[in-house]
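**Q** Structure below; questions to follow.
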Amino acid sequence: MKIIVLAKQVPDTRNVGSNAMKEDGTINRAALPTVFNPEDLKALEMALQVKDKIEGTTVEVITMGPPRAEEIVRDARSRGADGGFVLSDARFAGSDTLATSYALSKAIESTEGYDMVFCGRQAIDGDTAQVGPQVAEKLGIPQITYAEALEHIDETKVVVRRRLEHGVETVEAQLPVLVTVTSAAADCRYPHAHRLLRYAKTPVDVKNADDVKPDFSRLGLAGSPTKVKKVDNVVLAHKESITIEPTDENLSEMMHSLIEEHII
Amino acid sequence: MNNVLVYCEITEKNNIADISLELCTKGRQLATQLGGRLQAVVLGSGVQGLEQQLYPYGVDEVLMADDKRLSPYRTLPHFELLVEVIKEQQPNIVLFGATTIGRDMSPRISSALRCGLTADCTQLEIGSHTDAKTKKVYDNILMQIRPAFGGNIVGTIVSPETRPQMATVREGVMRKEILDKGYKGTLTKIAVGDKIDRADKAVRIISREIKEQTINIKPASIIVAGGYGMGSRENFQLLHRLAETLGGEVGATRAAIDAGFCEPERQIGQTGVTVRPKLYIACGISGAIQHTAGMDESGKIISINTDPNAPINAIADITIIGDACTIVPKLIASYNKNLK
Ligand SMILES: Cc1cc2nc3c(=O)[nH]c(=O)nc-3n(C[C@H](O)[C@H](O)[C@H](O)COP(=O)(O)OP(=O)(O)OC[C@H]3O[C@@H](n4cnc5c(N)ncnc54)[C@H](O)[C@@H]3O)c2cc1C
Ligand SMILES: Cc1cc2nc3c(=O)[nH]c(=O)nc-3n(C[C@H](O)[C@H](O)[C@H](O)COP(=O)(O)OP(=O)(O)OC[C@H]3O[C@@H](n4cnc5c(N)ncnc54)[C@H](O)[C@@H]3O)c2cc1C
């Protein structure tokens, strides 16, 4: 079986320190370490479980981002993935989820075929959880979202347990299918020491936009219907605590500033 | 082309889900501002009559498909029908819940229609936008406000060129409010026929274990919490009203729960749940360590307490000295006034 895992390198937004935002309210990316998007690691684990069960399975990782996102491919290989590449091109800059999913679907189509595609449910920076289902639509295959465990897999079909808001649901789908994996799924296995050494210096393939033969009008800013108009910082700097008397004026002023700060 | 369309979710007991009624309330405001109609789509099985639950929220037209294969929800059958409805109706705005269903289906729809989709919005407003490069002005478009970056930033997203403008909205952040009990809407049946034959075969549900929704305050981004100082179950109703107004949930201390002021599921602290809302309003709470352990990572903390020396005040950003039972109604009134 051929399996593709989509994995994103993200700034670690889970432990944002006081220096994570610049004076002007924009993100200070340099102050945040980059990590393998946590749910993508779980997606990789699920893919490797298929490889454990079905002999001859190959797992390839595709990541779209700046050249240093090759760390993702190296990390994945040290954990057991067979290969992968970075999709990197300045023409992808400014992509929203629609343009991102288009580029990723073209990258998938540039490979030698696939039986399953695994994604994380959501990336911890953009936080949209949209890319997976959009890739599935573009590939014209069904999707199974919120996967927490593989219950069965064979050459033709898969049974997946999904974790929903108020319970669980088990579904069966014929292959090919795209699966998005949620945080409730198993943690990824650790890198093998010898694989870490082996892949630390192996060059990672990089593909650019031309390599995946896209319709260029659907890439980057031009191919993105959503635009970020404005960004406000809500990291609450530890302000002095203030004490107020409950006059109508004071309360109204407080509510007004909470609304202005997008807190309520 | 100024219509607003809401995709409705159906609960396990075959009612319209609260999130969808919240979206209809918001959708009504947006449609009125744009001079358009509000449409609601109901796809399910045994759903006849549900239109009556929707009209009071100001829904002008309910588009309904009733077919066994549409319940329980599966992506592809709903997707196929909804894409067709949107192509036919050409709404200006489409709203989904930011629920497991809404977030499963809406991206697939945006991909098929090649239109913009904004995830997990906490506010929606009509406004105008000027493109930074072309200087082109877009009036009366949807300002979609959403947290990103792990909640550390709030972005305003616009989709100026493509239609419909689509957004998912978090549960509980919009108010659910009946417009007019006697509001008159119309019902349009969607013929399903063989349209979903292929979609029906793709994914099969083997088993489901879904509980009807119970109280869960953990995901709330605003929590109004009450302590023993609230004095009674009746006074606790004031907190419910404030929480509803702000789109939040009510939490409580163990002392308040032991006194019977509210349900045990709402207990916050060492032996309750841990919460991290954007805003925590503590009313009549002293601030015992067993309580603060479950809330001290809240974004902003407001304490309302008669005692200026209550320990909770030390971790509060704003302390209001006084009687919570008189201050809370003032906050509600002041919020409503500030919005106008
Ligand atoms: C403040 C802000 C708000 C935004 N809001 C929106 C919005 O509402 N709508 C919108 O369309 N865009 C939005 N964007 C743009 C969006 O963040 C980017 O398009 C981003 O590249 C993809 O979205 P995501 O990070 O949310 O990924 P998600 O959709 O959350 O990712 C899901 C999964 O898809 C895969 N995946 C995603 N990106 C990659 C990648 N680069 N390489 C490999 N695999 C990947 C991973 O498996 C991942 O787990 C916003 C950007 C900002 C800065
Ligand atoms: C092992 C253990 C585990 C525990 N786990 C938890 C837990 O998970 N969660 C939890 O909450 N507690 C827990 N407790 C209990 C905790 O120690 C406190 O007893 C409890 O939190 C106190 O609740 P309170 O602040 O509502 O009440 P009190 O401490 O009685 O405080 C009432 C406050 O209200 C103020 N007040 C009075 N009237 C008014 C008014 N009209 N307007 C405004 N303010 C007024 C008073 O000044 C006072 O500050 C635990 C205790 C133990 C021993």
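Residue numbering restarts at 1 in every chain; chains get A, B, ... in the order shown in the structure tokens, and ligands count up from 1 in that same order.
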Can you tell me which residues sit at most 9 Å away from ligand 2, counting only C-alpha atoms and all ligand atoms, written as a PyMOL selection string?

**A** chain B and resi 226-231+252-257+267-274+282-294+303-312+321-327

**Q** Sorted by chain and rising residue number, which residues of chain B lie within 6 Å of ligand 1, and what are their closest atom pairs and distances in Å to one decimal, counting only C-alpha atoms and all ligand atoms, as a Markdown table?

**A**
| residue | atom | partner | partner_atom_place_in_ligand_line | distance |
| --- | --- | --- | --- | --- |
| B:Leu117 | CA | ligand 1 | 9 (N) | 5.1 |
| B:Thr118 | CA | ligand 1 | 8 (O) | 3.2 |
| B:Ala119 | CA | ligand 1 | 8 (O) | 4.4 |
| B:Ala148 | CA | ligand 1 | 1 (C) | 5.2 |
| B:Gly155 | CA | ligand 1 | 1 (C) | 4.5 |

**Q** Those same residues, written as a PDB file, in the first residue's frame with all heavy atoms?

**A**
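Result file follows (result.pdb):
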ATOM      1  N   LEU B 117     -13.596  30.420   3.326  1.00  0.00           N
ATOM      2  CA  LEU B 117     -14.236  29.891   4.535  1.00  0.00           C
ATOM      3  C   LEU B 117     -13.398  30.327   5.731  1.00  0.00           C
ATOM      4  O   LEU B 117     -12.190  30.123   5.755  1.00  0.00           O
ATOM      5  CB  LEU B 117     -14.302  28.365   4.470  1.00  0.00           C
ATOM      6  CG  LEU B 117     -14.777  27.637   5.733  1.00  0.00           C
ATOM      7  CD1 LEU B 117     -16.228  27.987   6.055  1.00  0.00           C
ATOM      8  CD2 LEU B 117     -14.636  26.125   5.570  1.00  0.00           C
ATOM      9  N   THR B 118     -14.042  30.929   6.707  1.00  0.00           N
ATOM     10  CA  THR B 118     -13.339  31.369   7.906  1.00  0.00           C
ATOM     11  C   THR B 118     -13.755  30.483   9.065  1.00  0.00           C
ATOM     12  O   THR B 118     -14.941  30.284   9.308  1.00  0.00           O
ATOM     13  CB  THR B 118     -13.646  32.848   8.198  1.00  0.00           C
ATOM     14  OG1 THR B 118     -13.356  33.594   7.033  1.00  0.00           O
ATOM     15  CG2 THR B 118     -12.803  33.355   9.350  1.00  0.00           C
ATOM     16  N   ALA B 119     -12.756  29.956   9.758  1.00  0.00           N
ATOM     17  CA  ALA B 119     -13.010  28.939  10.771  1.00  0.00           C
ATOM     18  C   ALA B 119     -13.276  29.545  12.127  1.00  0.00           C
ATOM     19  O   ALA B 119     -12.646  30.527  12.505  1.00  0.00           O
ATOM     20  CB  ALA B 119     -11.789  28.027  10.873  1.00  0.00           C
ATOM     21  N   ALA B 148      -6.741  32.813  16.406  1.00  0.00           N
ATOM     22  CA  ALA B 148      -5.824  31.887  15.741  1.00  0.00           C
ATOM     23  C   ALA B 148      -4.560  31.835  16.580  1.00  0.00           C
ATOM     24  O   ALA B 148      -4.488  32.494  17.619  1.00  0.00           O
ATOM     25  CB  ALA B 148      -5.515  32.355  14.320  1.00  0.00           C
ATOM     26  N   GLY B 155      -7.880  37.522  14.579  1.00  0.00           N
ATOM     27  CA  GLY B 155      -7.782  38.060  13.232  1.00  0.00           C
ATOM     28  C   GLY B 155      -9.151  38.464  12.698  1.00  0.00           C
ATOM     29  O   GLY B 155     -10.158  37.861  13.051  1.00  0.00           O
TER      30      GLY B 155
END

**Q** Residues of chain A that approach chain B to 7 Å or less, counting only C-alpha atoms: could you list each one with the shortest pair of atoms and its distance in Å to one decimal, rows by chain and increasing residue number, as a Markdown table?

**A**
| residue | atom | partner | partner_atom | distance |
| --- | --- | --- | --- | --- |
| A:Thr13 | CA | B:Gly150 | CA | 5.5 |
| A:Arg14 | CA | B:Gly150 | CA | 6.5 |
| A:Leu98 | CA | B:Ser111 | CA | 6.4 |
| A:Ile124 | CA | B:Gly150 | CA | 5.9 |
| A:Asp125 | CA | B:Phe149 | CA | 4.2 |
| A:Gly126 | CA | B:Ala148 | CA | 5.7 |
| A:Asp127 | CA | B:Ala148 | CA | 5.6 |
| A:Thr128 | CA | B:Ala119 | CA | 5.2 |
| A:Gln130 | CA | B:Pro107 | CA | 5.2 |
| A:Pro133 | CA | B:Arg108 | CA | 5.2 |
| A:Gln134 | CA | B:Arg108 | CA | 4.9 |
| A:Glu137 | CA | B:Arg108 | CA | 5.7 |
| A:Pro142 | CA | B:Ala202 | CA | 6.6 |
| A:Thr145 | CA | B:Asp104 | CA | 6.5 |
| A:Leu164 | CA | B:Thr100 | CA | 6.2 |
| A:Glu165 | CA | B:Thr100 | CA | 6.5 |
| A:His166 | CA | B:Ile210 | CA | 5.4 |
| A:Gly167 | CA | B:Ile210 | CA | 4.3 |
| A:Val168 | CA | B:Glu209 | CA | 5.4 |
| A:Glu169 | CA | B:Arg208 | CA | 4.3 |
| A:Thr170 | CA | B:Ser207 | CA | 5.2 |
| A:Val171 | CA | B:Ile205 | CA | 4.4 |
| A:Glu172 | CA | B:Arg204 | CA | 5.1 |
| A:Ala173 | CA | B:Val203 | CA | 4.6 |
| A:Gln174 | CA | B:Ala202 | CA | 6.7 |
| A:Pro225 | CA | B:Gly116 | CA | 4.8 |
| A:Thr226 | CA | B:Ser159 | CA | 4.4 |
| A:Lys227 | CA | B:Val158 | CA | 5.3 |
| A:Val228 | CA | B:Ile157 | CA | 4.6 |
| A:Lys229 | CA | B:Thr156 | CA | 5.4 |
| A:Lys230 | CA | B:Thr156 | CA | 5.1 |
| A:Val231 | CA | B:Gly155 | CA | 4.3 |
| A:Asp232 | CA | B:Val154 | CA | 5.1 |
| A:Asn233 | CA | B:Ile153 | CA | 4.6 |
| A:Val234 | CA | B:Ile153 | CA | 5.2 |
| A:Val235 | CA | B:Asn152 | CA | 5.3 |
| A:Leu236 | CA | B:Gly299 | CA | 6.5 |
| A:Lys239 | CA | B:Asp317 | CA | 6.9 |
| A:Glu240 | CA | B:Asp317 | CA | 6.8 |
| A:Ser241 | CA | B:Asp317 | CA | 4.4 |
| A:Ile242 | CA | B:Ile318 | CA | 4.9 |
| A:Thr243 | CA | B:Thr319 | CA | 4.5 |
| A:Ile244 | CA | B:Ile320 | CA | 5.1 |
| A:Glu245 | CA | B:Ile320 | CA | 5.9 |
| A:Pro246 | CA | B:Ile320 | CA | 6.1 |
| A:Leu251 | CA | B:Leu331 | CA | 6.6 |
| A:Ser252 | CA | B:Ser334 | CA | 5.2 |
| A:Met255 | CA | B:Tyr335 | CA | 6.0 |
| A:His256 | CA | B:Asn338 | CA | 6.1 |
| A:Ile263 | CA | B:Lys278 | CA | 6.4 |
| A:Ile264 | CA | B:Leu246 | CA | 6.3 |

**Q** Which of range 78-251 of chain B counts as helix (DSSP H, G or I) under DSSP, as a PyMOL selection string please?

**A** chain B and resi 78-89+100-113+197-202+228-230+233-246

**Q** Keeping only C-alpha atoms, write the selected residues to a file as an mmCIF file, in the first residue's frame.

**A**
data_model
loop_
_atom_site.group_PDB
_atom_site.id
_atom_site.type_symbol
_atom_site.label_atom_id
_atom_site.label_comp_id
_atom_site.auth_asym_id
_atom_site.auth_seq_id
_atom_site.Cartn_x
_atom_site.Cartn_y
_atom_site.Cartn_z
ATOM 1 C CA HIS B 78 -25.017 16.072 3.069
ATOM 2 C CA PHE B 79 -22.209 17.582 1.028
ATOM 3 C CA GLU B 80 -23.763 16.614 -2.324
ATOM 4 C CA LEU B 81 -27.150 18.086 -1.469
ATOM 5 C CA LEU B 82 -25.822 21.246 0.135
ATOM 6 C CA VAL B 83 -23.526 22.052 -2.780
ATOM 7 C CA GLU B 84 -26.533 21.809 -5.069
ATOM 8 C CA VAL B 85 -28.683 24.004 -2.818
ATOM 9 C CA ILE B 86 -25.986 26.681 -2.596
ATOM 10 C CA LYS B 87 -25.458 26.683 -6.368
ATOM 11 C CA GLU B 88 -29.185 27.082 -6.910
ATOM 12 C CA GLN B 89 -29.920 29.628 -4.193
ATOM 13 C CA THR B 100 -17.587 18.287 14.503
ATOM 14 C CA ILE B 101 -20.232 18.287 11.769
ATOM 15 C CA GLY B 102 -19.787 21.868 10.573
ATOM 16 C CA ARG B 103 -16.019 21.627 10.563
ATOM 17 C CA ASP B 104 -16.153 18.313 8.733
ATOM 18 C CA MET B 105 -18.398 19.450 5.903
ATOM 19 C CA SER B 106 -17.847 23.190 5.386
ATOM 20 C CA PRO B 107 -14.225 22.954 4.177
ATOM 21 C CA ARG B 108 -15.235 20.356 1.607
ATOM 22 C CA ILE B 109 -17.976 22.696 0.399
ATOM 23 C CA SER B 110 -15.662 25.706 0.208
ATOM 24 C CA SER B 111 -13.262 23.596 -1.825
ATOM 25 C CA ALA B 112 -15.978 22.482 -4.257
ATOM 26 C CA LEU B 113 -17.322 26.031 -4.686
ATOM 27 C CA ASP B 197 -26.817 7.133 -4.407
ATOM 28 C CA ARG B 198 -23.064 7.279 -4.986
ATOM 29 C CA ALA B 199 -22.324 9.354 -1.896
ATOM 30 C CA ASP B 200 -24.308 6.910 0.203
ATOM 31 C CA LYS B 201 -21.914 4.081 -0.623
ATOM 32 C CA ALA B 202 -18.633 5.756 0.284
ATOM 33 C CA TYR B 228 -20.957 31.019 48.427
ATOM 34 C CA GLY B 229 -21.150 34.819 48.585
ATOM 35 C CA MET B 230 -23.948 34.803 45.996
ATOM 36 C CA ARG B 233 -29.906 29.688 44.035
ATOM 37 C CA GLU B 234 -32.131 32.587 42.958
ATOM 38 C CA ASN B 235 -29.211 34.999 42.990
ATOM 39 C CA PHE B 236 -27.264 32.485 40.903
ATOM 40 C CA GLN B 237 -29.830 33.070 38.140
ATOM 41 C CA LEU B 238 -28.270 36.517 37.740
ATOM 42 C CA LEU B 239 -25.012 34.795 36.817
ATOM 43 C CA HIS B 240 -26.810 32.637 34.260
ATOM 44 C CA ARG B 241 -28.226 35.785 32.713
ATOM 45 C CA LEU B 242 -24.839 37.492 32.534
ATOM 46 C CA ALA B 243 -23.262 34.356 31.032
ATOM 47 C CA GLU B 244 -25.998 34.139 28.428
ATOM 48 C CA THR B 245 -25.592 37.797 27.551
ATOM 49 C CA LEU B 246 -21.856 37.447 27.044
#

**Q** Identify, on the basis of only C-alpha atoms, every residue whose closest approach to range 106-123 of chain A does not exceed 9 Å; exclude the query and any residue fewer than 2 positions from it along the same chain; express the result as number ranges by chain.

**A** A: 1-10, 37-44, 46-47, 62, 87, 101-104, 125-132, 136, 138-139, 145-147, 155-156, 175-183, 207, 209, 211-214

**Q** Using only C-alpha atoms, determine which residues lie at most 7 Å from Leu63 in chain B, disregarding the query and same-chain residues fewer than 2 positions distant; provide the list as a PDB file with N, CA and C atoms, in the first residue's frame.

**A**
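Output contents, as saved in out_14.pdb:
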ATOM      1  N   ALA B  40     -32.867  28.511   5.853  1.00  0.00           N
ATOM      2  CA  ALA B  40     -32.259  27.472   6.697  1.00  0.00           C
ATOM      3  C   ALA B  40     -32.405  26.142   5.975  1.00  0.00           C
ATOM      4  N   VAL B  41     -31.321  25.377   5.965  1.00  0.00           N
ATOM      5  CA  VAL B  41     -31.356  24.074   5.306  1.00  0.00           C
ATOM      6  C   VAL B  41     -31.411  22.979   6.368  1.00  0.00           C
ATOM      7  N   VAL B  42     -32.375  22.082   6.232  1.00  0.00           N
ATOM      8  CA  VAL B  42     -32.513  20.964   7.164  1.00  0.00           C
ATOM      9  C   VAL B  42     -32.419  19.671   6.355  1.00  0.00           C
ATOM     10  N   GLU B  61     -37.384  31.052   4.866  1.00  0.00           N
ATOM     11  CA  GLU B  61     -37.613  29.852   4.069  1.00  0.00           C
ATOM     12  C   GLU B  61     -36.791  28.692   4.624  1.00  0.00           C
ATOM     13  N   LEU B 187     -41.963  26.622   3.549  1.00  0.00           N
ATOM     14  CA  LEU B 187     -41.210  25.372   3.489  1.00  0.00           C
ATOM     15  C   LEU B 187     -41.031  24.954   2.030  1.00  0.00           C
ATOM     16  N   THR B 188     -39.791  24.654   1.647  1.00  0.00           N
ATOM     17  CA  THR B 188     -39.518  24.144   0.303  1.00  0.00           C
ATOM     18  C   THR B 188     -38.880  22.775   0.446  1.00  0.00           C
ATOM     19  N   LYS B 189     -39.482  21.783  -0.217  1.00  0.00           N
ATOM     20  CA  LYS B 189     -38.931  20.428  -0.121  1.00  0.00           C
ATOM     21  C   LYS B 189     -37.829  20.246  -1.164  1.00  0.00           C
ATOM     22  N   ILE B 190     -36.760  19.588  -0.753  1.00  0.00           N
ATOM     23  CA  ILE B 190     -35.691  19.252  -1.688  1.00  0.00           C
ATOM     24  C   ILE B 190     -35.892  17.795  -2.112  1.00  0.00           C
TER      25      ILE B 190
END

**Q** So, with only C-alpha atoms as the atoms that count, which of B:Val275, B:Gly46, B:Ser128, B:Ala259 lies closest to Ala225 in chain B?

**A**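 For Ala225 in chain B, the nearest of the candidates is B:Val275.
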
**Q** Interatomic distance between CA of Leu48 in chain A and CA of Leu150 in chain A?

**A**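 Computed distance, CA of Leu48 in chain A to CA of Leu150 in chain A, equals 11.2 Å.
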
**Q** What gap, in Å, lies between CA of Gly36 in chain B and CA of Met1 in chain B?

**A**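 Distance between the two atoms: 7.5 Å.
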
**Q** May I have all residues of range 63-195 of chain A that DSSP, computed from the backbone, assigns to strand (DSSP E or B), given as an MDAnalysis selection string?

**A** chainID A and resid 63:64 83:87 116:120 143:153 157:164 167:174 177:181

**Q** What's the 9 Å shell around Leu21 in chain B, counting only C-alpha atoms, without same-chain residues fewer than 4 positions away, as a ChimeraX atom specification?

**A** /B:8,16-17,25-26,53-54,57,175-178

**Q** Mind giving me the straight-line distance from CA of Ser71 in chain B to CA of Val192 in chain B in Å, one decimal?

**A** 13.3 Å

**Q** Excluding Gln33 in chain B and any residue of its chain fewer than 4 positions from it, enumerate the residues within 10 Å of it, using only C-alpha atoms, and give them as a list in words.

**A**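 Everything that qualifies: Asn2, Gly27, Arg28, Gln29, Glu125, Ile126 and Asn140 of chain B.
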